[in-house]
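Next up, data.cif (mmCIF, C-alpha atoms and all ligand atoms):
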```cif
data_target
#
loop_
_atom_site.label_atom_id
_atom_site.label_comp_id
_atom_site.auth_asym_id
_atom_site.auth_seq_id
_atom_site.Cartn_x
_atom_site.Cartn_y
_atom_site.Cartn_z
CA MET A 315 179.33 7.92 52.01
CA ASP A 316 176.61 9.61 54.08
CA GLU A 317 174.27 10.79 51.33
CA VAL A 318 172.31 13.13 53.60
CA LYS A 319 175.45 14.97 54.72
CA PHE A 320 176.69 15.09 51.16
CA GLN A 321 173.44 16.69 49.95
CA GLU A 322 173.62 19.20 52.82
CA ILE A 323 177.11 20.25 51.73
CA LYS A 324 175.89 20.73 48.16
CA LYS A 325 172.78 22.66 49.22
CA LYS A 326 174.78 25.02 51.45
CA ALA A 327 177.32 25.68 48.70
CA ILE A 328 174.55 26.54 46.23
CA GLU A 329 172.81 28.80 48.76
CA GLU A 330 176.08 30.62 49.37
CA HIS A 331 176.71 31.03 45.62
CA ILE A 332 179.89 29.00 45.66
CA PRO A 333 180.58 27.95 42.06
CA ILE A 334 180.63 24.18 42.53
CA ILE A 335 180.91 21.84 39.58
CA MET A 336 177.67 21.72 37.58
CA ASP A 337 175.52 18.59 37.63
CA ASP A 338 175.89 17.80 33.92
CA THR A 339 179.67 18.29 34.09
CA LEU A 340 179.88 15.92 37.03
CA GLU A 341 177.61 13.42 35.32
CA TYR A 342 179.91 13.40 32.29
CA LEU A 343 183.06 12.95 34.40
CA ASN A 344 181.33 10.20 36.36
CA LYS A 345 180.59 8.36 33.15
CA ILE A 346 184.27 8.28 32.25
CA PHE A 347 186.06 8.12 35.58
CA LEU A 348 183.81 6.43 38.17
CA ASN A 349 185.72 3.54 39.72
CA SER A 350 188.69 4.15 37.42
CA ASN A 351 191.13 3.43 40.25
CA LYS A 352 193.18 6.59 40.15
CA ASP A 353 196.05 6.66 42.62
CA ASN A 354 196.65 10.41 42.62
CA ILE A 355 194.38 13.28 41.75
CA LEU A 356 195.33 16.96 41.92
CA GLU A 357 192.66 19.63 42.08
CA ILE A 358 193.29 23.36 41.74
CA GLY A 359 190.38 25.22 43.38
CA THR A 360 188.79 23.31 46.29
CA ALA A 361 186.15 25.82 47.38
CA VAL A 362 184.28 23.87 50.10
CA GLY A 363 185.39 20.46 48.91
CA TYR A 364 182.33 19.46 46.90
CA SER A 365 184.07 18.33 43.71
CA SER A 366 186.89 16.66 45.66
CA ILE A 367 184.34 14.67 47.58
CA CYS A 368 182.74 13.63 44.28
CA PHE A 369 186.11 12.72 42.75
CA SER A 370 186.96 10.48 45.73
CA LYS A 371 184.86 7.91 43.85
CA PHE A 372 187.47 7.89 41.08
CA LEU A 373 190.20 6.72 43.47
CA SER A 374 191.80 3.36 43.98
CA LYS A 375 191.65 1.90 47.46
CA LYS A 376 194.86 3.65 48.49
CA GLY A 377 194.36 6.63 46.19
CA THR A 378 194.48 10.23 47.40
CA ILE A 379 193.53 13.72 46.24
CA ASP A 380 195.61 16.84 46.79
CA THR A 381 193.45 19.93 46.44
CA ILE A 382 194.51 23.58 46.64
CA GLU A 383 192.45 26.51 47.94
CA ARG A 384 193.69 30.03 48.65
CA ASP A 385 190.62 31.28 50.54
CA GLU A 386 191.30 30.26 54.10
CA GLU A 387 187.69 30.26 55.22
CA ARG A 388 186.61 28.05 52.33
CA ALA A 389 189.56 25.73 52.85
CA LYS A 390 188.63 25.31 56.52
CA GLU A 391 185.04 24.55 55.58
CA ALA A 392 186.30 22.04 53.01
CA ILE A 393 188.39 20.30 55.66
CA GLU A 394 185.34 20.10 57.94
CA ASN A 395 183.13 18.79 55.14
CA ILE A 396 185.68 16.18 54.15
CA LYS A 397 186.02 15.07 57.75
CA SER A 398 182.26 14.85 58.24
CA LEU A 399 182.17 12.27 55.46
CA GLY A 400 185.17 10.36 56.80
CA LEU A 401 187.31 11.20 53.77
CA GLU A 402 190.16 12.92 55.59
CA GLU A 403 192.61 10.14 54.81
CA LYS A 404 191.83 10.45 51.10
CA ILE A 405 191.59 14.20 50.53
CA ASN A 406 194.40 16.49 51.49
CA VAL A 407 193.58 20.23 51.40
CA LEU A 408 196.55 22.52 50.75
CA ILE A 409 195.85 26.08 51.82
CA GLY A 410 197.45 28.83 49.77
CA ASP A 411 197.76 30.30 46.30
CA ALA A 412 198.18 27.57 43.70
CA VAL A 413 200.60 29.83 41.84
CA GLU A 414 202.94 29.45 44.81
CA ILE A 415 202.06 25.92 45.89
CA LEU A 416 202.21 24.16 42.52
CA PRO A 417 205.94 24.75 41.94
CA THR A 418 206.63 23.10 45.32
CA LEU A 419 204.82 19.89 44.31
CA ASP A 420 206.74 17.19 42.58
CA LYS A 421 204.50 14.22 42.14
CA LYS A 422 202.99 12.55 39.10
CA TYR A 423 199.20 12.65 39.06
CA ASP A 424 196.80 10.41 37.14
CA MET A 425 194.25 13.17 36.92
CA ILE A 426 194.43 16.93 37.33
CA PHE A 427 191.33 19.10 37.64
CA ILE A 428 191.78 22.82 37.03
CA ASP A 429 188.98 24.95 38.47
CA ALA A 430 190.43 28.20 39.85
CA ALA A 431 191.51 31.68 38.65
CA LYS A 432 190.84 31.77 34.90
CA GLY A 433 193.65 34.26 34.31
CA LYS A 434 196.10 31.60 35.49
CA TYR A 435 194.88 28.73 33.34
CA PRO A 436 197.92 28.66 30.98
CA PHE A 437 200.23 28.55 34.00
CA PHE A 438 198.14 25.79 35.57
CA LEU A 439 198.32 23.80 32.32
CA ASN A 440 202.10 24.01 32.26
CA GLU A 441 202.34 22.89 35.87
CA ALA A 442 199.84 20.10 35.17
CA LEU A 443 201.97 18.91 32.25
CA ARG A 444 205.06 18.90 34.43
CA MET A 445 203.27 16.63 36.92
CA SER A 446 201.75 14.32 34.31
CA LYS A 447 202.80 11.02 32.86
CA LYS A 448 201.62 8.97 29.93
CA GLY A 449 197.91 8.30 30.39
CA SER A 450 197.32 11.23 32.75
CA ILE A 451 194.16 13.23 32.20
CA ILE A 452 194.07 17.02 32.53
CA VAL A 453 190.59 18.47 32.86
CA ALA A 454 189.75 22.17 33.06
CA ASP A 455 186.32 23.52 33.96
CA ASN A 456 184.66 26.75 32.82
CA ILE A 457 186.75 26.78 29.63
CA LEU A 458 183.96 28.43 27.57
CA TYR A 459 183.13 30.93 30.34
CA LYS A 460 179.45 31.65 29.70
CA GLY A 461 180.08 31.64 25.98
CA TYR A 462 182.49 34.63 26.07
CA VAL A 463 185.43 32.53 24.90
CA MET A 464 183.88 31.59 21.55
CA SER A 465 182.31 34.98 20.81
CA ASP A 466 183.60 38.50 20.07
CA TYR A 467 181.82 39.74 23.13
CA ASN A 468 184.29 40.54 25.80
CA LYS A 469 183.71 43.20 28.34
CA HIS A 470 186.69 44.82 29.94
CA LYS A 471 186.02 42.97 33.19
CA GLN A 472 186.34 39.54 31.56
CA ARG A 473 189.03 40.38 29.00
CA THR A 474 192.03 38.91 30.84
CA ALA A 475 190.15 35.75 31.76
CA VAL A 476 188.92 35.27 28.19
CA ARG A 477 192.39 35.82 26.71
CA ASN A 478 193.90 33.26 29.06
CA LEU A 479 191.16 30.70 28.49
CA ARG A 480 191.70 31.05 24.73
CA GLU A 481 195.43 30.61 25.26
CA TYR A 482 194.77 27.44 27.27
CA ILE A 483 192.60 26.05 24.46
CA LYS A 484 195.28 26.85 21.89
CA GLU A 485 198.11 25.33 23.93
CA ALA A 486 196.17 22.20 24.85
CA SER A 487 195.05 21.73 21.24
CA ASP A 488 198.46 22.36 19.65
CA ASP A 489 200.62 20.41 22.11
CA PRO A 490 201.73 17.18 20.42
CA ARG A 491 201.87 15.46 23.84
CA LEU A 492 198.12 15.92 24.28
CA GLU A 493 194.91 14.60 22.79
CA THR A 494 192.35 17.26 23.58
CA GLU A 495 188.60 17.62 23.32
CA ILE A 496 186.40 20.57 24.19
CA LEU A 497 182.87 19.85 25.35
CA GLU A 498 179.90 22.20 25.57
CA ILE A 499 178.88 20.77 28.89
CA GLY A 500 178.12 22.99 31.87
CA ASP A 501 180.29 26.09 31.53
CA GLY A 502 182.58 24.29 29.06
CA LEU A 503 184.92 21.44 29.79
CA ILE A 504 188.28 20.68 28.19
CA ILE A 505 189.78 17.24 28.61
CA SER A 506 193.33 16.42 27.54
CA LYS A 507 194.95 13.04 27.65
CA VAL A 508 198.73 12.77 27.82
CA ILE A 509 199.79 10.38 25.03
N1 LIG B 601 186.19 22.78 42.45
C1 LIG B 601 185.16 23.34 43.31
C2 LIG B 601 184.83 24.77 42.95
C3 LIG B 601 186.00 25.68 42.91
S1 LIG B 601 185.51 27.38 42.76
C4 LIG B 601 183.92 22.49 43.18
O1 LIG B 601 183.52 22.19 42.05
O2 LIG B 601 183.33 22.13 44.21
C5 LIG B 601 187.09 28.09 42.53
C6 LIG B 601 187.91 28.21 43.80
O3 LIG B 601 189.25 28.46 43.40
C7 LIG B 601 187.51 29.36 44.70
O4 LIG B 601 187.18 28.86 45.97
C8 LIG B 601 188.74 30.26 44.76
O5 LIG B 601 188.99 30.81 46.04
C9 LIG B 601 189.85 29.30 44.36
N2 LIG B 601 191.02 29.90 43.71
C10 LIG B 601 191.01 30.83 42.73
N3 LIG B 601 192.25 31.12 42.36
C11 LIG B 601 193.08 30.37 43.13
C12 LIG B 601 194.49 30.24 43.22
N4 LIG B 601 195.31 30.96 42.45
N5 LIG B 601 194.99 29.37 44.11
C13 LIG B 601 194.17 28.63 44.90
N6 LIG B 601 192.83 28.72 44.86
C14 LIG B 601 192.29 29.58 43.99
MG MG B 602 184.10 25.41 37.86
#
```

What would you get if you wrote out this structure as structure tokens?
Amino acid sequence: MDEVKFQEIKKKAIEEHIPIIMDDTLEYLNKIFLNSNKDNILEIGTAVGYSSICFSKFLSKKGTIDTIERDEERAKEAIENIKSLGLEEKINVLIGDAVEILPTLDKKYDMIFIDAAKGKYPFFLNEALRMSKKGSIIVADNILYKGYVMSDYNKHKQRTAVRNLREYIKEASDDPRLETEILEIGDGLIISKVI
């Protein structure tokens, strides 16, 4: 991969305040998943493609990523970024609302990364479970949401997000099909393995 181009994509995203995956979160995922030969990865929340580009290193030779973004401008930028790194055969950007797109997908994924509207996290988890198989990994970012999720503090503005993130944690923790851990890395990461 062209490291200079990659760093440019990251720098531009940071300058434009696009909430890309945090360095320590990525470092942790790299430790577990680098070169883990995944055939199919699903990402919910592409933004400009930064995390997808990073996750392409988790793929097998023929592996692919499907990633969903509802903001058309961001999705177009993601497609350009992906192309500029020659990853267009590996990363497929689906433009539209994941709430509508997910029910139309019917594939089993080895890894699913949830990083979009926090109010929809429980729905995303259910869809992720439907498209999982034994051994699949479901990861959700921002699960502790600046610490709001584990404290009493919740301003009106964040209340729906916080309620849904708590519901996600409860469902992922209680589901007998899942082995779940919550990590205080970045903005909070929850990793569930389908057993
Ligand atoms: N995963 C990216 C960052 C994603 S930021 C990275 O680490 O590089 C979250 C993105 O999710 C935003 O671009 C937002 O437009 C998108 N999003 C939020 N809700 C969505 C939904 N319901 N469907 C599709 N995309 C959504
Ligand atoms: Mg995130």

I'd like a table as a Markdown table: residues in chain A with an atom no more than 6 Å from ligand MG 602 (chain B), each row giving the shortest atom pair and its distance in Å to one decimal, all atoms listed in the file counted, sorted by chain and rising residue number.
```
| residue | atom | partner | partner_atom | distance |
| --- | --- | --- | --- | --- |
| A:Ile334 | CA | B:MG602 | MG | 5.9 |
| A:Ile335 | CA | B:MG602 | MG | 5.1 |
| A:Asp429 | CA | B:MG602 | MG | 4.9 |
| A:Asp455 | CA | B:MG602 | MG | 4.9 |
| A:Asn456 | CA | B:MG602 | MG | 5.2 |
```

Could you list, with a cut-off of 7 Å and counting all atoms listed in the file, the residues of chain A near ligand LIG 601 (chain B), each shown with its nearest atom pair and the distance in Å rounded to one decimal, rows sorted by chain and ascending number, as a Markdown table?
```
| residue | atom | partner | partner_atom | distance |
| --- | --- | --- | --- | --- |
| A:Ile332 | CA | B:LIG601 | S1 | 6.5 |
| A:Pro333 | CA | B:LIG601 | S1 | 5.0 |
| A:Ile334 | CA | B:LIG601 | O1 | 3.5 |
| A:Ile335 | CA | B:LIG601 | O1 | 3.6 |
| A:Ile358 | CA | B:LIG601 | C13 | 6.2 |
| A:Gly359 | CA | B:LIG601 | O3 | 3.4 |
| A:Thr360 | CA | B:LIG601 | N1 | 4.7 |
| A:Ala361 | CA | B:LIG601 | O4 | 3.5 |
| A:Val362 | CA | B:LIG601 | O2 | 6.2 |
| A:Gly363 | CA | B:LIG601 | O2 | 5.4 |
| A:Tyr364 | CA | B:LIG601 | O2 | 3.9 |
| A:Ser365 | CA | B:LIG601 | O2 | 3.9 |
| A:Ser366 | CA | B:LIG601 | O2 | 6.7 |
| A:Ile382 | CA | B:LIG601 | C13 | 5.4 |
| A:Glu383 | CA | B:LIG601 | N6 | 3.8 |
| A:Arg384 | CA | B:LIG601 | C13 | 4.0 |
| A:Asp385 | CA | B:LIG601 | O5 | 4.8 |
| A:Arg388 | CA | B:LIG601 | O4 | 6.4 |
| A:Gly410 | CA | B:LIG601 | C13 | 5.9 |
| A:Asp411 | CA | B:LIG601 | N5 | 3.7 |
| A:Ala412 | CA | B:LIG601 | N5 | 3.7 |
| A:Val413 | CA | B:LIG601 | N4 | 5.4 |
| A:Asp429 | CA | B:LIG601 | N1 | 5.3 |
| A:Ala430 | CA | B:LIG601 | O3 | 3.7 |
| A:Ala431 | CA | B:LIG601 | N3 | 3.8 |
```

Using the selection just defined, write its residues with C-alpha atoms as a PDB file, in the coordinates of the input.
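Saved file out-v1.pdb follows:
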```pdb
ATOM      1  CA  ILE A 332     179.890  29.000  45.660  1.00  0.00           C
ATOM      2  CA  PRO A 333     180.580  27.950  42.060  1.00  0.00           C
ATOM      3  CA  ILE A 334     180.630  24.180  42.530  1.00  0.00           C
ATOM      4  CA  ILE A 335     180.910  21.840  39.580  1.00  0.00           C
ATOM      5  CA  ILE A 358     193.290  23.360  41.740  1.00  0.00           C
ATOM      6  CA  GLY A 359     190.380  25.220  43.380  1.00  0.00           C
ATOM      7  CA  THR A 360     188.790  23.310  46.290  1.00  0.00           C
ATOM      8  CA  ALA A 361     186.150  25.820  47.380  1.00  0.00           C
ATOM      9  CA  VAL A 362     184.280  23.870  50.100  1.00  0.00           C
ATOM     10  CA  GLY A 363     185.390  20.460  48.910  1.00  0.00           C
ATOM     11  CA  TYR A 364     182.330  19.460  46.900  1.00  0.00           C
ATOM     12  CA  SER A 365     184.070  18.330  43.710  1.00  0.00           C
ATOM     13  CA  SER A 366     186.890  16.660  45.660  1.00  0.00           C
ATOM     14  CA  ILE A 382     194.510  23.580  46.640  1.00  0.00           C
ATOM     15  CA  GLU A 383     192.450  26.510  47.940  1.00  0.00           C
ATOM     16  CA  ARG A 384     193.690  30.030  48.650  1.00  0.00           C
ATOM     17  CA  ASP A 385     190.620  31.280  50.540  1.00  0.00           C
ATOM     18  CA  ARG A 388     186.610  28.050  52.330  1.00  0.00           C
ATOM     19  CA  GLY A 410     197.450  28.830  49.770  1.00  0.00           C
ATOM     20  CA  ASP A 411     197.760  30.300  46.300  1.00  0.00           C
ATOM     21  CA  ALA A 412     198.180  27.570  43.700  1.00  0.00           C
ATOM     22  CA  VAL A 413     200.600  29.830  41.840  1.00  0.00           C
ATOM     23  CA  ASP A 429     188.980  24.950  38.470  1.00  0.00           C
ATOM     24  CA  ALA A 430     190.430  28.200  39.850  1.00  0.00           C
ATOM     25  CA  ALA A 431     191.510  31.680  38.650  1.00  0.00           C
TER      26      ALA A 431
END
```

Residue contacts of Asn406 in chain A (10 Å, all atoms listed in the file) excluding same-chain residues fewer than 2 positions away, as number ranges by chain: A: 356, 366, 378-382, 392-393, 396, 401-404, 408-409

Selection: 12 Å around Asp489 in chain A, all atoms listed in the file, excl. self and same-chain fewer than 6 positions, as a PyMOL selection string: chain A and resi 439-440+443+481-483+506-509

Separation of CA of Lys460 in chain A from CA of Leu479 in chain A, in Å and rounded to one decimal: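 Straight-line distance from CA of Lys460 in chain A to CA of Leu479 in chain A works out to 11.8 Å.
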
Could you give me range 375-388 of chain A completed to N, CA, C and O atoms, formatted as a compact mmCIF listing (two decimals), in the coordinates of the input?
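Output saved as out26.txt:
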```txt
# COMPACT_ATOMS: atom_id res chain seq x y z
N LYS A 375 191.79 2.09 46.02
CA LYS A 375 191.65 1.90 47.46
C LYS A 375 192.63 2.77 48.27
O LYS A 375 192.27 3.36 49.28
N LYS A 376 193.85 2.86 47.77
CA LYS A 376 194.86 3.65 48.49
C LYS A 376 195.02 5.05 47.90
O LYS A 376 195.91 5.80 48.31
N GLY A 377 194.21 5.37 46.92
CA GLY A 377 194.36 6.63 46.19
C GLY A 377 194.08 7.86 47.04
O GLY A 377 193.31 7.80 48.00
N THR A 378 194.70 8.98 46.66
CA THR A 378 194.48 10.23 47.40
C THR A 378 194.33 11.43 46.45
O THR A 378 194.77 11.40 45.30
N ILE A 379 193.71 12.46 46.98
CA ILE A 379 193.53 13.72 46.24
C ILE A 379 194.27 14.82 46.99
O ILE A 379 194.12 14.95 48.20
N ASP A 380 195.06 15.60 46.26
CA ASP A 380 195.61 16.84 46.79
C ASP A 380 194.80 17.96 46.17
O ASP A 380 194.64 18.01 44.95
N THR A 381 194.26 18.85 47.00
CA THR A 381 193.45 19.93 46.44
C THR A 381 193.86 21.27 47.05
O THR A 381 194.17 21.35 48.25
N ILE A 382 193.94 22.29 46.22
CA ILE A 382 194.51 23.58 46.64
C ILE A 382 193.43 24.66 46.68
O ILE A 382 192.66 24.82 45.73
N GLU A 383 193.41 25.40 47.79
CA GLU A 383 192.45 26.51 47.94
C GLU A 383 193.14 27.68 48.64
O GLU A 383 193.74 27.51 49.68
N ARG A 384 193.00 28.88 48.06
CA ARG A 384 193.69 30.03 48.65
C ARG A 384 192.83 30.79 49.67
O ARG A 384 193.35 31.55 50.47
N ASP A 385 191.51 30.60 49.59
CA ASP A 385 190.62 31.28 50.54
C ASP A 385 190.56 30.45 51.82
O ASP A 385 190.02 29.35 51.83
N GLU A 386 191.11 31.03 52.88
CA GLU A 386 191.30 30.26 54.10
C GLU A 386 189.98 29.77 54.70
O GLU A 386 189.88 28.62 55.15
N GLU A 387 188.97 30.64 54.66
CA GLU A 387 187.69 30.26 55.22
C GLU A 387 187.08 29.07 54.48
O GLU A 387 186.57 28.13 55.08
N ARG A 388 187.14 29.15 53.14
CA ARG A 388 186.61 28.05 52.33
C ARG A 388 187.40 26.77 52.56
O ARG A 388 186.83 25.69 52.67
```
